[in-house]
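*Asks:* Got a structure for you, run.cif, holding mmCIF, C-alpha atoms and all ligand atoms.
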```
data_protein
#
loop_
_atom_site.label_atom_id
_atom_site.label_comp_id
_atom_site.auth_asym_id
_atom_site.auth_seq_id
_atom_site.Cartn_x
_atom_site.Cartn_y
_atom_site.Cartn_z
CA MET A 1 -43.76 -23.84 -110.33
CA GLU A 2 -41.83 -25.56 -113.13
CA ASN A 3 -40.18 -28.92 -112.77
CA LEU A 4 -36.89 -27.66 -111.34
CA PHE A 5 -35.08 -30.92 -111.95
CA ASP A 6 -35.78 -30.73 -115.72
CA GLU A 7 -35.09 -26.99 -115.84
CA THR A 8 -31.73 -27.37 -114.05
CA ARG A 9 -30.66 -30.28 -116.27
CA MET A 10 -31.71 -28.33 -119.34
CA LEU A 11 -29.69 -25.24 -118.30
CA MET A 12 -26.62 -27.33 -117.44
CA LYS A 13 -26.83 -29.05 -120.83
CA LYS A 14 -27.47 -25.86 -122.80
CA TYR A 15 -24.50 -24.05 -121.25
CA ASN A 16 -22.33 -27.17 -120.93
CA ILE A 17 -22.02 -26.74 -117.16
CA SER A 18 -20.88 -29.35 -114.69
CA ALA A 19 -21.06 -28.51 -111.00
CA ASN A 20 -17.78 -27.25 -109.54
CA LYS A 21 -17.39 -29.03 -106.20
CA LYS A 22 -14.68 -26.63 -105.05
CA LEU A 23 -17.19 -23.77 -105.29
CA GLY A 24 -19.79 -25.70 -103.29
CA GLN A 25 -22.13 -26.00 -106.26
CA ASN A 26 -25.20 -28.03 -105.33
CA PHE A 27 -28.14 -26.77 -107.35
CA LEU A 28 -31.57 -26.72 -105.77
CA ILE A 29 -34.20 -28.77 -107.66
CA ASP A 30 -36.98 -28.96 -105.07
CA SER A 31 -39.78 -26.44 -105.63
CA GLU A 32 -41.19 -26.89 -102.11
CA VAL A 33 -37.83 -25.87 -100.68
CA VAL A 34 -37.68 -22.84 -102.98
CA GLN A 35 -41.17 -21.80 -101.78
CA GLY A 36 -40.09 -22.44 -98.19
CA ILE A 37 -37.02 -20.19 -98.50
CA ILE A 38 -39.03 -17.42 -100.21
CA SER A 39 -41.78 -17.47 -97.59
CA THR A 40 -39.29 -17.62 -94.69
CA ALA A 41 -37.50 -14.55 -96.09
CA ASP A 42 -40.84 -12.66 -96.06
CA ILE A 43 -40.15 -10.46 -99.09
CA SER A 44 -42.02 -7.35 -100.27
CA LYS A 45 -41.64 -4.81 -103.09
CA ASP A 46 -39.89 -2.41 -100.68
CA ASP A 47 -37.06 -4.87 -100.16
CA LEU A 48 -33.61 -5.02 -101.66
CA ILE A 49 -32.46 -8.63 -101.72
CA ILE A 50 -28.80 -9.53 -101.75
CA GLU A 51 -28.47 -13.07 -103.06
CA ILE A 52 -25.13 -14.77 -102.46
CA GLY A 53 -24.25 -17.51 -104.94
CA PRO A 54 -27.26 -17.45 -107.32
CA GLY A 55 -25.76 -20.24 -109.45
CA LEU A 56 -28.14 -20.99 -112.33
CA GLY A 57 -30.73 -18.58 -110.92
CA THR A 58 -33.27 -20.98 -109.40
CA LEU A 59 -34.04 -18.79 -106.38
CA THR A 60 -33.25 -15.56 -108.21
CA LYS A 61 -36.29 -15.85 -110.45
CA TYR A 62 -38.70 -15.83 -107.48
CA LEU A 63 -36.72 -13.15 -105.65
CA LEU A 64 -37.03 -10.89 -108.71
CA GLU A 65 -40.81 -11.35 -108.84
CA LYS A 66 -41.35 -10.59 -105.15
CA SER A 67 -38.85 -7.84 -104.28
CA GLY A 68 -37.99 -4.31 -105.38
CA LYS A 69 -34.48 -5.22 -106.48
CA VAL A 70 -32.11 -8.19 -106.40
CA ILE A 71 -28.33 -7.83 -106.33
CA CYS A 72 -26.65 -11.18 -106.95
CA ILE A 73 -23.03 -11.83 -105.98
CA GLU A 74 -21.57 -14.83 -107.80
CA LEU A 75 -17.94 -15.93 -108.03
CA ASP A 76 -18.25 -18.36 -110.96
CA GLU A 77 -17.96 -16.47 -114.24
CA ARG A 78 -19.78 -19.26 -116.12
CA MET A 79 -22.96 -18.44 -114.18
CA ILE A 80 -22.84 -14.75 -115.07
CA LYS A 81 -23.70 -15.33 -118.73
CA ILE A 82 -26.53 -17.70 -117.81
CA LEU A 83 -27.99 -15.24 -115.31
CA LYS A 84 -27.72 -12.31 -117.74
CA ASP A 85 -29.44 -14.37 -120.47
CA ARG A 86 -32.19 -15.50 -118.14
CA PHE A 87 -32.98 -12.19 -116.46
CA PHE A 88 -32.16 -9.43 -118.97
CA LEU A 89 -35.84 -8.49 -119.14
CA TYR A 90 -35.98 -7.65 -115.43
CA ASP A 91 -35.00 -4.05 -114.69
CA ASN A 92 -34.59 -4.86 -110.97
CA PHE A 93 -31.76 -7.35 -111.54
CA GLN A 94 -28.07 -6.63 -110.92
CA ILE A 95 -25.14 -9.00 -110.81
CA ILE A 96 -21.67 -8.67 -109.31
CA ASN A 97 -19.04 -11.20 -110.42
CA GLU A 98 -16.93 -11.35 -107.25
CA ASP A 99 -16.04 -13.36 -104.17
CA VAL A 100 -18.65 -12.23 -101.63
CA LEU A 101 -15.98 -12.09 -98.94
CA LYS A 102 -14.27 -9.30 -100.90
CA VAL A 103 -17.35 -7.16 -101.55
CA ASP A 104 -17.77 -3.94 -99.57
CA LEU A 105 -21.37 -4.67 -98.58
CA ASN A 106 -21.67 -1.67 -96.29
CA ASN A 107 -20.94 0.69 -99.15
CA LEU A 108 -23.15 -1.23 -101.58
CA ILE A 109 -26.13 -1.02 -99.21
CA LYS A 110 -25.51 2.65 -98.43
CA GLU A 111 -25.54 3.55 -102.13
CA GLU A 112 -28.67 1.51 -102.82
CA LYS A 113 -30.54 3.12 -99.93
CA LEU A 114 -29.59 6.58 -101.15
CA GLY A 115 -30.60 6.04 -104.75
CA ASN A 116 -33.73 3.90 -104.45
CA SER A 117 -37.03 3.62 -102.64
CA ILE A 118 -35.65 0.62 -100.77
CA LYS A 119 -36.78 0.30 -97.15
CA ASN A 120 -35.29 -2.98 -96.00
CA VAL A 121 -32.34 -5.04 -97.07
CA LYS A 122 -32.52 -8.83 -96.72
CA VAL A 123 -29.92 -11.45 -97.52
CA VAL A 124 -31.19 -14.68 -99.06
CA ALA A 125 -28.97 -17.56 -100.16
CA ASN A 126 -28.38 -21.23 -100.65
CA LEU A 127 -24.82 -20.80 -99.41
CA PRO A 128 -21.71 -22.57 -100.72
CA TYR A 129 -21.00 -24.88 -97.77
CA TYR A 130 -17.19 -24.61 -97.85
CA ILE A 131 -17.38 -21.00 -96.61
CA THR A 132 -20.68 -20.89 -94.68
CA THR A 133 -19.20 -19.64 -91.42
CA PRO A 134 -16.93 -16.90 -92.87
CA ILE A 135 -19.86 -15.55 -94.90
CA ILE A 136 -22.26 -15.48 -91.93
CA MET A 137 -19.59 -13.91 -89.71
CA LYS A 138 -18.93 -11.23 -92.34
CA LEU A 139 -22.64 -10.44 -92.58
CA LEU A 140 -22.90 -10.09 -88.78
CA GLU A 141 -19.58 -8.52 -87.85
CA GLU A 142 -19.66 -5.80 -90.50
CA LYS A 143 -22.83 -4.48 -88.82
CA LEU A 144 -24.61 -4.10 -92.11
CA ASP A 145 -27.82 -2.14 -92.35
CA ILE A 146 -29.86 -5.30 -93.02
CA GLU A 147 -33.05 -6.69 -91.52
CA SER A 148 -32.55 -10.42 -91.88
CA ILE A 149 -30.44 -13.22 -93.28
CA THR A 150 -32.28 -16.29 -94.65
CA VAL A 151 -29.84 -19.00 -95.63
CA MET A 152 -29.71 -22.68 -96.38
CA ILE A 153 -26.64 -24.27 -94.79
CA GLN A 154 -25.46 -27.66 -93.48
CA LYS A 155 -27.84 -28.86 -90.74
CA GLU A 156 -24.95 -29.53 -88.37
CA VAL A 157 -23.77 -25.91 -88.63
CA ALA A 158 -27.34 -24.60 -88.46
CA ASP A 159 -27.96 -26.47 -85.21
CA ARG A 160 -24.89 -24.87 -83.67
CA LEU A 161 -25.73 -21.37 -84.90
CA ILE A 162 -29.30 -21.41 -83.62
CA ALA A 163 -28.68 -23.26 -80.35
CA LYS A 164 -29.52 -21.24 -77.26
CA PRO A 165 -26.43 -20.25 -75.27
CA GLY A 166 -26.10 -22.96 -72.63
CA ASP A 167 -27.54 -25.76 -74.84
CA ARG A 168 -25.54 -28.92 -75.46
CA LEU A 169 -24.88 -27.88 -79.07
CA SER A 170 -23.77 -24.36 -78.26
CA GLY A 171 -20.29 -23.19 -79.24
CA ALA A 172 -18.48 -19.86 -79.40
CA ILE A 173 -20.36 -19.07 -82.62
CA THR A 174 -23.75 -19.54 -80.89
CA TYR A 175 -22.93 -16.62 -78.59
CA THR A 176 -21.71 -14.45 -81.47
CA VAL A 177 -24.92 -15.09 -83.43
CA SER A 178 -27.11 -14.39 -80.43
CA TYR A 179 -25.21 -11.15 -79.73
CA TYR A 180 -26.15 -9.82 -83.17
CA ALA A 181 -29.38 -11.64 -84.08
CA GLU A 182 -32.41 -13.65 -83.07
CA ALA A 183 -32.24 -17.00 -84.80
CA GLU A 184 -35.21 -18.91 -86.24
CA LYS A 185 -35.21 -22.50 -87.41
CA GLY A 186 -36.68 -23.27 -90.86
CA LEU A 187 -37.08 -26.35 -93.06
CA VAL A 188 -34.81 -29.36 -92.87
CA VAL A 189 -33.81 -30.20 -96.45
CA PRO A 190 -32.79 -33.70 -97.60
CA LYS A 191 -29.80 -34.37 -99.85
CA ASP A 192 -31.99 -35.34 -102.81
CA SER A 193 -33.30 -31.77 -103.10
CA PHE A 194 -30.08 -30.89 -104.98
CA ILE A 195 -28.03 -31.94 -107.97
CA PRO A 196 -25.41 -33.08 -107.38
CA GLU A 197 -26.42 -34.35 -103.93
CA PRO A 198 -24.32 -32.87 -101.11
CA GLU A 199 -22.83 -35.20 -98.51
CA VAL A 200 -24.92 -33.75 -95.68
CA THR A 201 -28.49 -32.79 -94.79
CA SER A 202 -29.26 -29.08 -95.02
CA GLU A 203 -31.42 -26.64 -93.09
CA VAL A 204 -32.89 -23.21 -93.69
CA ILE A 205 -32.37 -20.68 -90.90
CA LYS A 206 -33.35 -17.06 -90.51
CA LEU A 207 -31.34 -14.56 -88.50
CA ASN A 208 -33.36 -11.49 -87.58
CA ILE A 209 -30.77 -8.78 -86.98
CA ARG A 210 -31.18 -6.94 -83.67
CA LYS A 211 -31.40 -3.14 -83.76
CA GLU A 212 -28.98 -3.14 -80.80
CA PRO A 213 -26.73 -6.03 -79.72
CA ALA A 214 -28.28 -8.35 -77.12
CA ILE A 215 -25.99 -6.98 -74.38
CA ARG A 216 -24.08 -3.74 -73.92
CA VAL A 217 -20.31 -4.03 -73.50
CA LYS A 218 -17.68 -1.35 -73.95
CA ASN A 219 -15.11 -3.71 -75.39
CA GLU A 220 -16.72 -5.96 -78.02
CA GLN A 221 -13.37 -7.38 -79.16
CA LEU A 222 -12.61 -8.55 -75.64
CA LEU A 223 -16.06 -10.17 -75.34
CA PHE A 224 -15.44 -12.33 -78.43
CA LYS A 225 -11.87 -13.07 -77.31
CA VAL A 226 -13.07 -14.31 -73.91
CA ILE A 227 -15.86 -16.45 -75.45
CA LYS A 228 -13.44 -17.96 -77.99
CA GLN A 229 -10.99 -18.76 -75.22
CA ALA A 230 -13.73 -20.30 -73.04
CA PHE A 231 -14.54 -22.76 -75.85
CA SER A 232 -10.97 -23.37 -76.96
CA GLN A 233 -10.64 -26.45 -74.77
CA ARG A 234 -14.07 -27.97 -74.49
CA ARG A 235 -13.39 -30.46 -71.75
CA LYS A 236 -11.78 -27.91 -69.46
CA THR A 237 -13.61 -25.87 -66.85
CA LEU A 238 -13.99 -22.17 -67.58
CA VAL A 239 -11.33 -21.41 -64.95
CA ASN A 240 -8.76 -23.64 -66.65
CA ALA A 241 -9.67 -22.49 -70.16
CA LEU A 242 -9.31 -18.80 -69.25
CA ALA A 243 -6.23 -19.34 -67.05
CA SER A 244 -4.38 -20.93 -69.99
CA SER A 245 -4.67 -17.71 -72.02
CA SER A 246 -2.43 -14.66 -71.97
CA MET A 247 -5.42 -12.59 -70.81
CA PHE A 248 -4.96 -13.74 -67.21
CA GLU A 249 -1.85 -14.13 -65.10
CA SER A 250 -2.96 -17.08 -62.97
CA LYS A 251 -5.76 -19.47 -62.11
CA ASP A 252 -6.28 -17.55 -58.86
CA GLU A 253 -6.91 -14.39 -60.79
CA VAL A 254 -9.69 -16.10 -62.80
CA ILE A 255 -11.22 -17.62 -59.64
CA LYS A 256 -11.21 -14.19 -58.00
CA LEU A 257 -12.95 -12.72 -61.04
CA LEU A 258 -15.65 -15.42 -61.13
CA ASN A 259 -16.26 -15.09 -57.38
CA ALA A 260 -16.58 -11.32 -57.72
CA ILE A 261 -19.36 -11.64 -60.30
CA GLY A 262 -21.10 -14.60 -58.68
CA ILE A 263 -20.21 -17.39 -61.12
CA ASP A 264 -19.50 -20.88 -59.78
CA GLU A 265 -15.82 -21.71 -60.38
CA LYS A 266 -16.65 -25.27 -61.53
CA VAL A 267 -18.69 -24.23 -64.61
CA ARG A 268 -17.69 -24.84 -68.23
CA GLY A 269 -17.84 -22.27 -71.00
CA GLU A 270 -21.11 -23.60 -72.41
CA ASN A 271 -22.90 -23.17 -69.06
CA LEU A 272 -22.67 -19.37 -69.13
CA THR A 273 -25.22 -16.97 -70.54
CA LEU A 274 -24.20 -14.16 -72.87
CA GLU A 275 -24.95 -11.72 -70.02
CA GLN A 276 -22.47 -13.54 -67.78
CA TYR A 277 -19.78 -13.25 -70.46
CA GLY A 278 -20.66 -9.56 -70.56
CA LYS A 279 -20.04 -9.31 -66.81
CA ILE A 280 -16.62 -10.99 -67.17
CA VAL A 281 -15.63 -8.44 -69.81
CA GLU A 282 -16.86 -5.47 -67.77
CA TYR A 283 -14.90 -6.76 -64.76
CA CYS A 284 -11.71 -7.19 -66.85
CA ASP A 285 -12.13 -3.70 -68.30
CA LYS A 286 -12.33 -2.13 -64.84
CA GLN A 287 -9.14 -3.82 -63.58
N1 LIG B 301 -28.44 -20.55 -105.58
C1 LIG B 301 -28.16 -21.72 -106.41
C2 LIG B 301 -29.17 -22.80 -106.08
O1 LIG B 301 -29.81 -22.70 -105.02
O2 LIG B 301 -29.31 -23.73 -106.87
C3 LIG B 301 -26.73 -22.23 -106.22
C4 LIG B 301 -26.32 -22.51 -104.79
S1 LIG B 301 -24.76 -23.31 -104.65
C5 LIG B 301 -24.99 -24.18 -103.13
C6 LIG B 301 -23.63 -22.04 -104.13
C7 LIG B 301 -23.29 -20.97 -105.17
O3 LIG B 301 -22.34 -20.07 -104.58
C8 LIG B 301 -22.64 -21.47 -106.46
O4 LIG B 301 -23.27 -20.88 -107.55
C9 LIG B 301 -21.18 -20.98 -106.35
O5 LIG B 301 -20.58 -20.74 -107.60
C10 LIG B 301 -21.34 -19.72 -105.53
N2 LIG B 301 -20.12 -19.33 -104.80
C11 LIG B 301 -19.16 -20.13 -104.28
N3 LIG B 301 -18.21 -19.42 -103.62
C12 LIG B 301 -18.60 -18.12 -103.72
C13 LIG B 301 -18.04 -16.90 -103.24
N4 LIG B 301 -16.92 -16.88 -102.52
N5 LIG B 301 -18.68 -15.74 -103.53
C14 LIG B 301 -19.84 -15.75 -104.26
N6 LIG B 301 -20.41 -16.88 -104.72
C15 LIG B 301 -19.81 -18.05 -104.46
#
```
Represent the supplied structure as structure tokens.
Ligand code: SAM
*Replies:*
Amino acid sequence: MENLFDETRMLMKKYNISANKKLGQNFLIDSEVVQGIISTADISKDDLIIEIGPGLGTLTKYLLEKSGKVICIELDERMIKILKDRFFLYDNFQIINEDVLKVDLNNLIKEEKLGNSIKNVKVVANLPYYITTPIIMKLLEEKLDIESITVMIQKEVADRLIAKPGDRLSGAITYTVSYYAEAEKGLVVPKDSFIPEPEVTSEVIKLNIRKEPAIRVKNEQLLFKVIKQAFSQRRKTLVNALASSSMFESKDEVIKLLNAIGIDEKVRGENLTLEQYGKIVEYCDKQ
């Protein structure tokens, strides 16, 4: 693999590019990390890769070699010219100049699957850190026909996303991730693997999307509402956190509910399993 530091500096100089902090631009210059991301994503020629935020194309080059097709989604217009210049010889390269949060990914994937010999769709990205959570939530909540999401994100966020429900680091988002996916921890990446250096350490994680959600509930919206409410006031017990919402009329009503499904009334939100949240929602639905 080339010296990525020199290559990145050369591209930035050639195209007169300085990193735009507001767009979360920290360019990867560590070839071991690139190899680590590519091998974690486990790519084959049957795969369509959706790369979010390709930037100068550091990962893109290896994705193009390994996969059937790469669709890049990049917001910064300056990068589009660079990417087109770099990869015009590849017939499996496509670029969309758009905010990923505005792209209809479901439709994009449907069309690709119809028209190509693509078997699996995988998302791979060194994500812009200012919108990590909205992007991951979009990828999960839109129930896309994808097999996995391999992303580099801030370590602090990664630790929360891949915590097991009930762990010290778990939060509402931990339960949402585990509802949709099985999370795997990858490399921890130091700040000096990028130019410019970000303020925080990074980590690669892989979310293997479940064929069916981890639990069955009739009312998914209510499940996420209850979990969000349970974590809205971290120091409160679950009873107090739920009682302070409009979902319940009184503390007694919440206590009655927890007693009915065999949950200790002194627990906090982070002590519950996803299955127990499922039971709360089923109970509420029946009332
Ligand atoms: N993949 C490159 C690398 O590893 O060196 C660049 C990664 S950099 C952390 C994040 C990239 O996401 C930047 O190229 C940035 O312009 C792009 N980006 C930021 N916000 C975006 C958005 N809303 N939609 C699509 N791309 C975005």
*Asks:* To one decimal place in Å, what is the distance between CA of Gly57 (chain A) and CA of Glu156 (chain A)?
*Replies:* 25.7 Å
*Asks:* In Å, rounded to a single decimal, give me how far CA of Arg160 (chain A) is from CA of Leu223 (chain A).
*Replies:*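 Separation of CA of Leu223 (chain A) and CA of Arg160 (chain A): 19.1 Å.
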*Asks:* Between A:Tyr129, A:Ser67, A:Arg268, A:Ile136, which residue has the minimum interatomic distance to Asn240 (chain A), considering all atoms listed in the file?
*Replies:*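 Smallest separation from Asn240 (chain A) among the options: A:Arg268.
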*Asks:* Which is closer to ligand LIG 301 (chain B) than all the others in A:Ile195, A:Ile146, A:Leu11, A:Val157, using all atoms listed in the file?
*Replies:* A:Ile195
*Asks:* Which residues of chain A have any atom within 8 Å of an atom in ligand LIG 301 (chain B) when counting only C-alpha atoms and all ligand atoms, and what is the closest pair of atoms for each, with the distance in Å to one decimal? Order the rows by chain and rising number and write it as a Markdown table.
*Replies:*
```
| residue | atom | partner | partner_atom | distance |
| --- | --- | --- | --- | --- |
| A:Asn20 | CA | B:LIG301 | O5 | 7.3 |
| A:Lys22 | CA | B:LIG301 | C11 | 7.9 |
| A:Leu23 | CA | B:LIG301 | C11 | 4.3 |
| A:Gly24 | CA | B:LIG301 | C6 | 5.4 |
| A:Gln25 | CA | B:LIG301 | S1 | 4.1 |
| A:Asn26 | CA | B:LIG301 | C5 | 4.4 |
| A:Phe27 | CA | B:LIG301 | O2 | 3.3 |
| A:Leu28 | CA | B:LIG301 | O2 | 3.9 |
| A:Ile29 | CA | B:LIG301 | O2 | 7.1 |
| A:Glu51 | CA | B:LIG301 | N1 | 7.9 |
| A:Ile52 | CA | B:LIG301 | N6 | 5.6 |
| A:Gly53 | CA | B:LIG301 | O3 | 3.2 |
| A:Pro54 | CA | B:LIG301 | N1 | 3.7 |
| A:Gly55 | CA | B:LIG301 | O4 | 3.2 |
| A:Leu56 | CA | B:LIG301 | C1 | 6.0 |
| A:Gly57 | CA | B:LIG301 | C1 | 6.1 |
| A:Thr58 | CA | B:LIG301 | O2 | 5.4 |
| A:Leu59 | CA | B:LIG301 | O1 | 5.9 |
| A:Thr60 | CA | B:LIG301 | N1 | 7.4 |
| A:Ile73 | CA | B:LIG301 | C14 | 5.3 |
| A:Glu74 | CA | B:LIG301 | N6 | 3.9 |
| A:Leu75 | CA | B:LIG301 | C14 | 4.2 |
| A:Asp76 | CA | B:LIG301 | O5 | 4.7 |
| A:Met79 | CA | B:LIG301 | O4 | 7.1 |
| A:Asn97 | CA | B:LIG301 | C14 | 7.7 |
| A:Glu98 | CA | B:LIG301 | N5 | 6.0 |
| A:Asp99 | CA | B:LIG301 | N5 | 3.6 |
| A:Val100 | CA | B:LIG301 | N5 | 4.0 |
| A:Leu101 | CA | B:LIG301 | N4 | 6.1 |
| A:Ala125 | CA | B:LIG301 | N1 | 6.2 |
| A:Asn126 | CA | B:LIG301 | C4 | 4.8 |
| A:Leu127 | CA | B:LIG301 | C6 | 5.0 |
| A:Pro128 | CA | B:LIG301 | C6 | 3.9 |
| A:Tyr129 | CA | B:LIG301 | C5 | 6.7 |
| A:Tyr130 | CA | B:LIG301 | N3 | 7.8 |
| A:Ile131 | CA | B:LIG301 | N4 | 7.2 |
| A:Phe194 | CA | B:LIG301 | O2 | 7.4 |
```
*Asks:* Show me a table, sorted first by chain and then by increasing residue number, of the residues of region 112-225 of chain A having an atom at most 10 Å from region 273-283 of chain A, each with its shortest atom pair and the distance in Å to one decimal, counting all atoms listed in the file and written as CSV.
*Replies:*
```
residue,atom,partner,partner_atom,distance
A:Lys164,CA,A:Thr273,CA,9.0
A:Pro165,CA,A:Thr273,CA,5.9
A:Gly166,CA,A:Thr273,CA,6.4
A:Thr174,CA,A:Leu274,CA,9.7
A:Tyr175,CA,A:Leu274,CA,6.4
A:Thr176,CA,A:Leu274,CA,9.0
A:Ser178,CA,A:Leu274,CA,8.1
A:Tyr179,CA,A:Leu274,CA,7.6
A:Ala214,CA,A:Leu274,CA,8.3
A:Ile215,CA,A:Glu275,CA,6.5
A:Arg216,CA,A:Gly278,CA,7.5
A:Val217,CA,A:Gly278,CA,6.3
A:Lys218,CA,A:Glu282,CA,7.5
A:Asn219,CA,A:Val281,CA,7.3
A:Glu220,CA,A:Val281,CA,8.6
A:Gln221,CA,A:Val281,CA,9.7
A:Leu222,CA,A:Val281,CA,6.6
A:Leu223,CA,A:Val281,CA,5.8
A:Phe224,CA,A:Tyr277,CA,9.1
A:Lys225,CA,A:Val281,CA,9.6
```
*Asks:* Go ahead and dump the residues you just picked, C-alpha atoms, as an mmCIF file, in the frame of the given file.
*Replies:*
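Here's the written file out-v1.cif:
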```
data_model
loop_
_atom_site.group_PDB
_atom_site.id
_atom_site.type_symbol
_atom_site.label_atom_id
_atom_site.label_comp_id
_atom_site.auth_asym_id
_atom_site.auth_seq_id
_atom_site.Cartn_x
_atom_site.Cartn_y
_atom_site.Cartn_z
ATOM 1 C CA LYS A 164 -29.520 -21.240 -77.260
ATOM 2 C CA PRO A 165 -26.430 -20.250 -75.270
ATOM 3 C CA GLY A 166 -26.100 -22.960 -72.630
ATOM 4 C CA THR A 174 -23.750 -19.540 -80.890
ATOM 5 C CA TYR A 175 -22.930 -16.620 -78.590
ATOM 6 C CA THR A 176 -21.710 -14.450 -81.470
ATOM 7 C CA SER A 178 -27.110 -14.390 -80.430
ATOM 8 C CA TYR A 179 -25.210 -11.150 -79.730
ATOM 9 C CA ALA A 214 -28.280 -8.350 -77.120
ATOM 10 C CA ILE A 215 -25.990 -6.980 -74.380
ATOM 11 C CA ARG A 216 -24.080 -3.740 -73.920
ATOM 12 C CA VAL A 217 -20.310 -4.030 -73.500
ATOM 13 C CA LYS A 218 -17.680 -1.350 -73.950
ATOM 14 C CA ASN A 219 -15.110 -3.710 -75.390
ATOM 15 C CA GLU A 220 -16.720 -5.960 -78.020
ATOM 16 C CA GLN A 221 -13.370 -7.380 -79.160
ATOM 17 C CA LEU A 222 -12.610 -8.550 -75.640
ATOM 18 C CA LEU A 223 -16.060 -10.170 -75.340
ATOM 19 C CA PHE A 224 -15.440 -12.330 -78.430
ATOM 20 C CA LYS A 225 -11.870 -13.070 -77.310
#
```
*Asks:* Find the residues around Asp47 (chain A) up to 12 Å (all atoms listed in the file counted), leave out those fewer than 4 positions away in its own chain, and share them as a list of chain:residue names.
*Replies:*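 Once the nearby chain positions are removed, what remains is A:Ala41, A:Asp42, A:Ile43, A:Leu63, A:Leu64, A:Glu65, A:Lys66, A:Ser67, A:Gly68, A:Lys69, A:Val70, A:Ile71, A:Asn92, A:Ile109, A:Glu112, A:Lys113, A:Asn116, A:Ser117, A:Ile118, A:Lys119, A:Asn120, A:Val121, A:Lys122, A:Val123, A:Val124, A:Ile146, A:Glu147, A:Ser148.
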